[in-house]
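Notes follow once the structure below has been shown.
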Amino acid sequence: MEAKRRRSIFDMVDEYFERLKEWTERFEKIFFERPSWDCKTCTIEPLQDIYVTPDEVIVTVDLPYAEENTIRVMPINKDTIEISAEMKRKVSFDDFGITHYRGEFNRFRCETRIPVPVDMKRMEVRFRKGMLEVRLPRKYDYEIPVE
Amino acid sequence: MHALYKEIIRIIEREQIPKGTTMIFGFPDVGLVGVIAASHLITELSLKEVAYADSTLLPPITVLHEGLPHSPIRIFGNHKILLAVSETALREDLVYPITRSLIDWGVEKGTKLMISLSGLPVPDRQGLEELKVFAAASNPEVLKMAQDKGIEILKEGYMVGPQAVMLQYCAMLGVPALTLLAQCFFNYPDPEAAAKVLEQLMNITGLKVDLSKLFEKGEEIRLKARDMMRRTQQELMKMKKTQEFDIPLYIT
C-alpha cells in the first residue's frame, strides 16, 4: 500500500504504455498466426508488400486468378486501404489436396496500413500479370529549414 | 562426415544411393524459386524419395502425404540426380547444420557436382520481360564451365542463405559446386524464375525437363505457395536477406 501511494502519475502512464505495448505485441502475434483463409467469408488473404520511397508509397499485392474488373482499392481511413478482388474461378481445399477442411474461396481481401502520411486522393492503381500495384504520393505537412 | 553434425542430424537412406550423381538443392528462399523448381523436377522426372533428414534440431513438424508422415527435409532421386528439398521454411539457425550435413552426406555418396537452385531478388521484377540467370561457383573450373555454357557470372556481391553456406562449405572441402540464381520477386512465389533456373540446370547437366506446366499453372502455383512464402519471409528477415542488395566494400 505504501509503495502504491508513492507512484506518480508518470509511473502510471509508463506502466500503461508498457502494458499497451505488451498487448499490441501479443495481438500482432495472434494476428499473424491466424490462417490466411476464411471459410465463412470465402476469402483468401493475398501476399502483399510495401515500399516507401522519398516520393511515394508503393503497395504490391499478388492476386493470381483475380478478375481484373472486380479489383477494388478503397481507403478506409487516412492510413489504411482495403484491397479486394473476385477470383476467376472458385478454389476449394480439394484443389490443394486437402480433405480435412471443407470450404471454397472466390475472393481475395486484405487491409494494408500505410506507414507514412499519403495523399489518398492521388492514388494510382495498376494491374499486370496478376500483380496489383498501388502508388500513393507521400504528403509532407511540414518542412524543417536547414540553416 | 563432420562428427558434430553426424551426431545431431542423421540422413536416413530408404534406397540404395547410386554413385556419380549430381546433387541438387531446392530450399525455401526468395521467390521460392528453388522449391518450385525442385517440386517441378520431382513431378516431371517421377523422382522417388531415397533419403530424409532426421534431427531433434528440426521443428516438431511432420509432413503428411496420403496419411503417412514424412520429414520436411527429403532427398529425391534417380540414377542421375539427387535432389534435396525442404517443405518447410528453414529456420535461420538450422541453415548451417542442415546444409553442411547434406553436403557431407552427398560427398560420402560420391556425387560429382552440387548445384543449388535459387533466386536473385530484383526490385523492378514486375517490369522485367526476360529474366536473367546468374552463377557463382566453389572453384574456378566450375565457374568456367558455367561461363562456357553462356551463363552470366555473379561477380561481386553478398549471398545470404543456404546457397551461401553450400558454396562456402564446398569451396572449403574442395567439392565442385555451382549456384544458379534467377532474377525473381523477393516476397512473391515466382514460377517463371523457377522455369528460368531449370533451363540453365538443363543446360549444365543435360537433363531434359518439360517446363510448360510452370507457365500454364503459374497462377495455381502462386496461390498454393502463399503460406510457405509467408513463413519463408519471416526467416529471410531474420537472416538479413536484404544484405544481398548491399554494395560490398572490398579491401584489396
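All residue names refer to the C-alpha cells as shown: chains lettered A, B, ... in order, residues numbered from 1 in each chain, ligands numbered from 1 in order.
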
field: 9 Å contact set for range 117-134 of chain B, only C-alpha atoms, chain neighbours under 5 positions out, as a PyMOL selection string
entry: (chain A and resi 128-129+131) or (chain B and resi 24-35+37-38+151-154+163+178-187+192-194+196-198+200-201+242+244-245)

Write a file of the just-selected residues containing N, CA and C atoms, as a short mmCIF file (atom, residue, chain, number, x, y, z; two decimals), in the first residue's frame.
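As a result, selection09.cif now contains:
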```cif
data_model
loop_
_atom_site.label_atom_id
_atom_site.label_comp_id
_atom_site.auth_asym_id
_atom_site.auth_seq_id
_atom_site.Cartn_x
_atom_site.Cartn_y
_atom_site.Cartn_z
N ARG A 128 -1.12 -5.93 -63.51
CA ARG A 128 -0.39 -6.53 -64.63
C ARG A 128 0.08 -7.92 -64.24
N LYS A 129 -0.17 -8.89 -65.07
CA LYS A 129 0.24 -10.27 -64.86
C LYS A 129 -0.13 -10.78 -63.46
N MET A 131 -0.55 -9.12 -60.79
CA MET A 131 0.07 -8.38 -59.68
C MET A 131 -0.51 -6.97 -59.62
N ILE B 24 21.35 -31.82 -56.31
CA ILE B 24 20.69 -30.51 -56.49
C ILE B 24 20.00 -30.12 -55.19
N PHE B 25 20.01 -28.83 -54.87
CA PHE B 25 19.37 -28.33 -53.65
C PHE B 25 18.26 -27.35 -54.01
N GLY B 26 17.09 -27.55 -53.45
CA GLY B 26 15.97 -26.61 -53.65
C GLY B 26 15.38 -26.25 -52.31
N PHE B 27 15.88 -25.19 -51.70
CA PHE B 27 15.43 -24.79 -50.37
C PHE B 27 14.60 -23.51 -50.42
N PRO B 28 13.71 -23.31 -49.44
CA PRO B 28 12.89 -22.09 -49.45
C PRO B 28 13.75 -20.83 -49.34
N ASP B 29 13.55 -19.93 -50.26
CA ASP B 29 14.32 -18.69 -50.30
C ASP B 29 13.48 -17.67 -51.07
N VAL B 30 14.10 -16.58 -51.50
CA VAL B 30 13.34 -15.54 -52.22
C VAL B 30 12.58 -16.15 -53.40
N GLY B 31 11.33 -15.71 -53.57
CA GLY B 31 10.51 -16.18 -54.69
C GLY B 31 10.22 -17.67 -54.68
N LEU B 32 10.65 -18.36 -53.65
CA LEU B 32 10.54 -19.84 -53.55
C LEU B 32 11.03 -20.52 -54.83
N VAL B 33 12.00 -19.89 -55.48
CA VAL B 33 12.49 -20.38 -56.78
C VAL B 33 12.98 -21.83 -56.68
N GLY B 34 13.83 -22.08 -55.67
CA GLY B 34 14.40 -23.42 -55.52
C GLY B 34 13.35 -24.48 -55.23
N VAL B 35 12.38 -24.16 -54.38
CA VAL B 35 11.36 -25.14 -54.00
C VAL B 35 10.42 -25.43 -55.17
N ALA B 37 11.11 -25.05 -58.34
CA ALA B 37 11.90 -25.79 -59.35
C ALA B 37 12.05 -27.26 -58.93
N ALA B 38 12.35 -27.47 -57.65
CA ALA B 38 12.54 -28.84 -57.14
C ALA B 38 11.25 -29.64 -57.26
N ILE B 151 26.33 -18.79 -69.21
CA ILE B 151 25.66 -18.24 -68.02
C ILE B 151 26.50 -17.09 -67.46
N GLU B 152 25.80 -16.00 -67.15
CA GLU B 152 26.48 -14.83 -66.62
C GLU B 152 26.96 -15.08 -65.18
N ILE B 153 28.11 -14.54 -64.85
CA ILE B 153 28.66 -14.80 -63.52
C ILE B 153 28.27 -13.67 -62.56
N LEU B 154 27.93 -14.05 -61.35
CA LEU B 154 27.65 -13.08 -60.29
C LEU B 154 29.02 -12.70 -59.70
N GLN B 163 22.28 -21.39 -50.02
CA GLN B 163 23.21 -21.46 -51.16
C GLN B 163 24.55 -20.81 -50.83
N LEU B 178 28.00 -25.39 -57.70
CA LEU B 178 27.52 -24.27 -58.51
C LEU B 178 26.20 -23.78 -57.92
N THR B 179 26.03 -22.47 -57.92
CA THR B 179 24.75 -21.91 -57.50
C THR B 179 24.15 -21.19 -58.70
N LEU B 180 22.91 -21.53 -59.02
CA LEU B 180 22.22 -20.85 -60.12
C LEU B 180 21.13 -19.96 -59.52
N LEU B 181 21.15 -18.69 -59.89
CA LEU B 181 20.22 -17.73 -59.30
C LEU B 181 19.45 -17.01 -60.40
N ALA B 182 18.14 -17.17 -60.41
CA ALA B 182 17.32 -16.49 -61.42
C ALA B 182 16.77 -15.20 -60.83
N GLN B 183 16.75 -14.15 -61.62
CA GLN B 183 16.13 -12.90 -61.15
C GLN B 183 14.68 -13.20 -60.76
N CYS B 184 14.26 -12.66 -59.63
CA CYS B 184 12.92 -13.02 -59.14
C CYS B 184 12.35 -11.96 -58.21
N PHE B 185 11.09 -12.18 -57.83
CA PHE B 185 10.46 -11.37 -56.78
C PHE B 185 11.11 -11.74 -55.45
N PHE B 186 11.13 -10.80 -54.53
CA PHE B 186 11.65 -11.10 -53.19
C PHE B 186 10.59 -11.86 -52.39
N ASN B 187 9.40 -11.30 -52.36
CA ASN B 187 8.38 -11.79 -51.43
C ASN B 187 7.22 -12.55 -52.06
N GLU B 192 7.93 -18.35 -62.92
CA GLU B 192 8.70 -18.00 -64.14
C GLU B 192 10.20 -18.06 -63.86
N ALA B 193 10.59 -17.56 -62.69
CA ALA B 193 12.01 -17.60 -62.30
C ALA B 193 12.45 -19.05 -62.11
N ALA B 194 11.54 -19.88 -61.57
CA ALA B 194 11.87 -21.31 -61.40
C ALA B 194 12.11 -21.96 -62.76
N LYS B 196 13.19 -20.45 -65.44
CA LYS B 196 14.47 -19.93 -65.95
C LYS B 196 15.66 -20.67 -65.33
N VAL B 197 15.59 -20.89 -64.03
CA VAL B 197 16.70 -21.56 -63.35
C VAL B 197 16.80 -23.02 -63.82
N LEU B 198 15.64 -23.63 -64.10
CA LEU B 198 15.65 -25.01 -64.60
C LEU B 198 16.21 -25.09 -66.02
N GLN B 200 18.62 -23.37 -67.19
CA GLN B 200 20.09 -23.38 -67.05
C GLN B 200 20.59 -24.67 -66.38
N LEU B 201 19.76 -25.25 -65.53
CA LEU B 201 20.13 -26.55 -64.95
C LEU B 201 20.23 -27.60 -66.06
N THR B 242 18.14 -9.08 -47.03
CA THR B 242 18.24 -7.83 -47.80
C THR B 242 19.69 -7.36 -47.94
N GLU B 244 21.75 -8.78 -49.51
CA GLU B 244 22.12 -9.05 -50.91
C GLU B 244 22.01 -7.80 -51.78
N PHE B 245 21.22 -6.81 -51.31
CA PHE B 245 21.11 -5.55 -52.07
C PHE B 245 22.30 -4.62 -51.78
#
```

message: From a backbone DSSP assignment, name each residue in chain A labelled helix (DSSP H, G or I), as JSON, numbers by chain.
response: {"A": [2, 3, 4, 5, 6, 9, 10, 11, 12, 13, 14, 15, 16, 17, 18, 19, 20, 21, 22, 23, 24, 25, 26, 27, 28, 29, 30, 31, 32, 33, 68, 69, 70, 93, 94, 95, 96, 120, 121, 122]}

- request: Write out as a PyMOL selection string every residue belonging to chain A that has an atom at most 9 Å from any atom of chain B, counting only C-alpha atoms.
  value: chain A and resi 35-36+46-49+61-65+96+128-131

- prompt: Which residues, written as number ranges by chain, have at least one atom at most 10 Å from Pro60 in chain B, with only C-alpha atoms counted and residues fewer than 5 positions away on the same chain left out?
  reply: B: 55, 71-72

message: I'd like the neighbourhood of Ala195 in chain B as a PyMOL selection string, where a residue qualifies if any of its atoms comes within 8 Å (using only C-alpha atoms), though same-chain residues fewer than 6 positions away should be ignored.
response: chain B and resi 37+211+214-215

Selection export as a CSV table (one decimal), in the first residue's frame, atoms kept: C-alpha atoms:
```
chain,number,residue,atom,x,y,z
B,37,ALA,CA,11.9,-25.8,-59.3
B,211,LEU,CA,8.8,-26.6,-68.4
B,214,LEU,CA,5.4,-24.0,-64.8
B,215,PHE,CA,3.9,-21.3,-67.2
```

- prompt: Which neighbours of Ala51 in chain B fall inside 10 Å, counting only C-alpha atoms, when residues of the same chain fewer than 5 positions from it are skipped, and could you give them as a VMD selection string?
  reply: chain B and resid 11 to 17 71 73 to 77 82 to 84

Once you have the residues from the selection above, write them out as an mmCIF file, in the first residue's frame, restricted to N, CA and C atoms.
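File produced: result.cif:
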```cif
data_model
loop_
_atom_site.group_PDB
_atom_site.id
_atom_site.type_symbol
_atom_site.label_atom_id
_atom_site.label_comp_id
_atom_site.auth_asym_id
_atom_site.auth_seq_id
_atom_site.Cartn_x
_atom_site.Cartn_y
_atom_site.Cartn_z
ATOM 1 N N ILE B 11 21.078 -38.587 -41.843
ATOM 2 C CA ILE B 11 20.411 -38.758 -43.142
ATOM 3 C C ILE B 11 20.086 -40.250 -43.238
ATOM 4 N N ILE B 12 18.801 -40.537 -43.219
ATOM 5 C CA ILE B 12 18.350 -41.928 -43.256
ATOM 6 C C ILE B 12 18.075 -42.323 -44.712
ATOM 7 N N GLU B 13 18.731 -43.350 -45.162
ATOM 8 C CA GLU B 13 18.554 -43.775 -46.567
ATOM 9 C C GLU B 13 17.422 -44.800 -46.679
ATOM 10 N N ARG B 14 16.574 -44.590 -47.666
ATOM 11 C CA ARG B 14 15.468 -45.536 -47.894
ATOM 12 C C ARG B 14 15.750 -46.440 -49.086
ATOM 13 N N GLU B 15 16.693 -46.011 -49.900
ATOM 14 C CA GLU B 15 17.029 -46.759 -51.123
ATOM 15 C C GLU B 15 18.544 -46.803 -51.247
ATOM 16 N N GLN B 16 18.997 -47.688 -52.139
ATOM 17 C CA GLN B 16 20.421 -47.720 -52.483
ATOM 18 C C GLN B 16 20.753 -46.411 -53.214
ATOM 19 N N ILE B 17 21.807 -45.724 -52.784
ATOM 20 C CA ILE B 17 22.158 -44.441 -53.409
ATOM 21 C C ILE B 17 23.241 -44.661 -54.472
ATOM 22 N N SER B 71 9.538 -36.572 -43.309
ATOM 23 C CA SER B 71 10.397 -35.494 -42.820
ATOM 24 C C SER B 71 10.209 -34.286 -43.733
ATOM 25 N N ILE B 73 12.472 -32.400 -44.625
ATOM 26 C CA ILE B 73 13.654 -32.308 -45.490
ATOM 27 C C ILE B 73 13.944 -33.689 -46.062
ATOM 28 N N ARG B 74 13.756 -33.792 -47.370
ATOM 29 C CA ARG B 74 13.903 -35.102 -48.006
ATOM 30 C C ARG B 74 14.824 -35.038 -49.213
ATOM 31 N N ILE B 75 15.321 -36.200 -49.587
ATOM 32 C CA ILE B 75 16.170 -36.291 -50.783
ATOM 33 C C ILE B 75 15.478 -37.232 -51.760
ATOM 34 N N PHE B 76 15.231 -36.705 -52.939
ATOM 35 C CA PHE B 76 14.619 -37.495 -54.006
ATOM 36 C C PHE B 76 15.703 -37.834 -55.020
ATOM 37 N N GLY B 77 15.445 -38.795 -55.868
ATOM 38 C CA GLY B 77 16.492 -39.076 -56.851
ATOM 39 C C GLY B 77 16.152 -40.146 -57.854
ATOM 40 N N LEU B 82 20.408 -36.473 -57.428
ATOM 41 C CA LEU B 82 19.848 -36.492 -56.083
ATOM 42 C C LEU B 82 19.329 -35.076 -55.848
ATOM 43 N N LEU B 83 18.148 -34.953 -55.282
ATOM 44 C CA LEU B 83 17.545 -33.636 -55.116
ATOM 45 C C LEU B 83 17.117 -33.446 -53.662
ATOM 46 N N ALA B 84 17.809 -32.541 -52.955
ATOM 47 C CA ALA B 84 17.458 -32.256 -51.550
ATOM 48 C C ALA B 84 16.476 -31.099 -51.536
#
```

Using DSSP secondary structure from the backbone, list all strand (DSSP E or B) positions within range 114-252 of chain B, as a PDB file with C-alpha atoms, in the first residue's frame.
```pdb
ATOM      1  CA  MET B 114      26.490 -29.987 -56.260  1.00  0.00           C
ATOM      2  CA  ILE B 115      24.072 -27.419 -57.687  1.00  0.00           C
ATOM      3  CA  SER B 116      21.796 -25.161 -55.666  1.00  0.00           C
ATOM      4  CA  LEU B 117      18.807 -23.532 -57.329  1.00  0.00           C
ATOM      5  CA  SER B 118      17.638 -20.203 -56.026  1.00  0.00           C
ATOM      6  CA  GLY B 119      16.698 -16.638 -56.817  1.00  0.00           C
ATOM      7  CA  LEU B 120      18.248 -13.230 -57.033  1.00  0.00           C
ATOM      8  CA  PRO B 121      15.704 -10.631 -55.907  1.00  0.00           C
ATOM      9  CA  VAL B 133      20.192 -16.327 -64.533  1.00  0.00           C
ATOM     10  CA  PHE B 134      23.496 -15.780 -62.763  1.00  0.00           C
ATOM     11  CA  ALA B 135      26.014 -18.293 -61.460  1.00  0.00           C
ATOM     12  CA  ALA B 136      28.618 -18.478 -58.735  1.00  0.00           C
ATOM     13  CA  ALA B 137      30.847 -21.481 -58.079  1.00  0.00           C
ATOM     14  CA  GLU B 152      26.481 -14.826 -66.622  1.00  0.00           C
ATOM     15  CA  ILE B 153      28.663 -14.795 -63.516  1.00  0.00           C
ATOM     16  CA  ALA B 177      29.614 -26.747 -56.596  1.00  0.00           C
ATOM     17  CA  LEU B 178      27.521 -24.274 -58.514  1.00  0.00           C
ATOM     18  CA  THR B 179      24.747 -21.910 -57.502  1.00  0.00           C
ATOM     19  CA  LEU B 180      22.222 -20.852 -60.119  1.00  0.00           C
ATOM     20  CA  LEU B 181      20.219 -17.729 -59.303  1.00  0.00           C
ATOM     21  CA  ALA B 182      17.319 -16.491 -61.424  1.00  0.00           C
ATOM     22  CA  GLN B 183      16.132 -12.904 -61.148  1.00  0.00           C
ATOM     23  CA  CYS B 184      12.920 -13.023 -59.139  1.00  0.00           C
TER      24      CYS B 184
END
```

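A straight line drawn from CA of Val209 in chain B to CA of His40 in chain B is 8.9 Å long.
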
query: Pick the closest to Val118 in chain A from A:Pro145, A:Lys88, A:Pro54, A:Ile98: which is it, counting only C-alpha atoms?
result: A:Pro54

Selection: 10 Å around Asp93 in chain B, only C-alpha atoms, excl. self and same-chain fewer than 6 positions, as a CSV table (one decimal) with N, CA and C atoms, in the first residue's frame:
```csv
chain,number,residue,atom,x,y,z
B,57,LEU,N,16.9,-31.2,-33.9
B,57,LEU,CA,17.1,-29.7,-34.2
B,57,LEU,C,15.9,-29.2,-35.0
B,235,GLU,N,11.7,-15.9,-42.0
B,235,GLU,CA,13.0,-16.4,-41.8
B,235,GLU,C,14.1,-15.6,-42.6
B,238,LYS,N,15.0,-12.7,-40.6
B,238,LYS,CA,15.9,-13.0,-39.5
B,238,LYS,C,17.4,-13.2,-40.0
B,239,MET,N,17.5,-13.8,-41.2
B,239,MET,CA,18.9,-14.0,-41.7
B,239,MET,C,19.4,-12.8,-42.5
```

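For Phe105 in chain A, the list of residues within 10 Å, based on only C-alpha atoms and with local chain neighbours fewer than 5 positions off taken out, reads Trp37, Asp38, Cys39, Lys40, Thr41, Cys42, Thr43, Ile44, Glu86, Met87, Arg89, Lys90, Val91, Ser92 and Phe93 of chain A.
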
Selected residues, N, CA and C atoms, written as a PDB file, in the first residue's frame, please.
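Final output, saved to result-v4.pdb:
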```
ATOM      1  N   TRP A  37      -6.821 -17.847 -44.758  1.00  0.00           N
ATOM      2  CA  TRP A  37      -8.094 -18.026 -45.448  1.00  0.00           C
ATOM      3  C   TRP A  37      -9.232 -17.938 -44.437  1.00  0.00           C
ATOM      4  N   ASP A  38     -10.425 -17.648 -44.941  1.00  0.00           N
ATOM      5  CA  ASP A  38     -11.600 -17.559 -44.075  1.00  0.00           C
ATOM      6  C   ASP A  38     -12.780 -18.213 -44.798  1.00  0.00           C
ATOM      7  N   CYS A  39     -13.191 -19.376 -44.280  1.00  0.00           N
ATOM      8  CA  CYS A  39     -14.266 -20.137 -44.944  1.00  0.00           C
ATOM      9  C   CYS A  39     -15.606 -19.418 -44.870  1.00  0.00           C
ATOM     10  N   LYS A  40     -15.833 -18.665 -43.778  1.00  0.00           N
ATOM     11  CA  LYS A  40     -17.138 -18.003 -43.613  1.00  0.00           C
ATOM     12  C   LYS A  40     -17.369 -16.969 -44.700  1.00  0.00           C
ATOM     13  N   THR A  41     -16.314 -16.212 -44.999  1.00  0.00           N
ATOM     14  CA  THR A  41     -16.462 -15.149 -45.994  1.00  0.00           C
ATOM     15  C   THR A  41     -15.951 -15.589 -47.368  1.00  0.00           C
ATOM     16  N   CYS A  42     -15.489 -16.842 -47.457  1.00  0.00           N
ATOM     17  CA  CYS A  42     -14.949 -17.416 -48.710  1.00  0.00           C
ATOM     18  C   CYS A  42     -13.777 -16.589 -49.250  1.00  0.00           C
ATOM     19  N   THR A  43     -12.994 -16.010 -48.344  1.00  0.00           N
ATOM     20  CA  THR A  43     -11.892 -15.146 -48.796  1.00  0.00           C
ATOM     21  C   THR A  43     -10.519 -15.740 -48.473  1.00  0.00           C
ATOM     22  N   ILE A  44      -9.577 -15.352 -49.318  1.00  0.00           N
ATOM     23  CA  ILE A  44      -8.173 -15.706 -49.130  1.00  0.00           C
ATOM     24  C   ILE A  44      -7.423 -14.395 -48.950  1.00  0.00           C
ATOM     25  N   GLU A  86     -12.502 -10.344 -56.900  1.00  0.00           N
ATOM     26  CA  GLU A  86     -13.149 -11.649 -57.110  1.00  0.00           C
ATOM     27  C   GLU A  86     -12.181 -12.534 -57.892  1.00  0.00           C
ATOM     28  N   MET A  87     -12.294 -13.842 -57.700  1.00  0.00           N
ATOM     29  CA  MET A  87     -11.423 -14.751 -58.444  1.00  0.00           C
ATOM     30  C   MET A  87     -12.144 -15.242 -59.702  1.00  0.00           C
ATOM     31  N   ARG A  89     -12.178 -18.139 -60.865  1.00  0.00           N
ATOM     32  CA  ARG A  89     -12.862 -19.401 -60.585  1.00  0.00           C
ATOM     33  C   ARG A  89     -12.753 -19.718 -59.094  1.00  0.00           C
ATOM     34  N   LYS A  90     -13.722 -20.484 -58.636  1.00  0.00           N
ATOM     35  CA  LYS A  90     -13.707 -20.866 -57.223  1.00  0.00           C
ATOM     36  C   LYS A  90     -12.561 -21.828 -56.966  1.00  0.00           C
ATOM     37  N   VAL A  91     -11.953 -21.695 -55.818  1.00  0.00           N
ATOM     38  CA  VAL A  91     -10.880 -22.611 -55.436  1.00  0.00           C
ATOM     39  C   VAL A  91     -11.299 -23.265 -54.125  1.00  0.00           C
ATOM     40  N   SER A  92     -11.175 -24.591 -54.062  1.00  0.00           N
ATOM     41  CA  SER A  92     -11.568 -25.267 -52.825  1.00  0.00           C
ATOM     42  C   SER A  92     -10.357 -25.937 -52.198  1.00  0.00           C
ATOM     43  N   PHE A  93     -10.526 -26.393 -50.953  1.00  0.00           N
ATOM     44  CA  PHE A  93      -9.432 -27.114 -50.287  1.00  0.00           C
ATOM     45  C   PHE A  93      -9.041 -28.358 -51.093  1.00  0.00           C
TER      46      PHE A  93
END
```

- prompt: Using only C-alpha atoms, which of the listed residues (B:Leu64, B:Ile9, B:Leu58, B:Met145) sits closest to Ser101 in chain B?
  reply: B:Ile9

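With only C-alpha atoms as the atoms that count, the residue of B:Asn139, B:Asn78, B:Thr99, B:Ser86 with the shortest distance to Pro18 in chain B is B:Asn78.
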
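Counting only C-alpha atoms, the residue from A:Met120, A:Ala85, A:Leu136, A:Val146 that sits nearest to Ala66 in chain A is A:Ala85.
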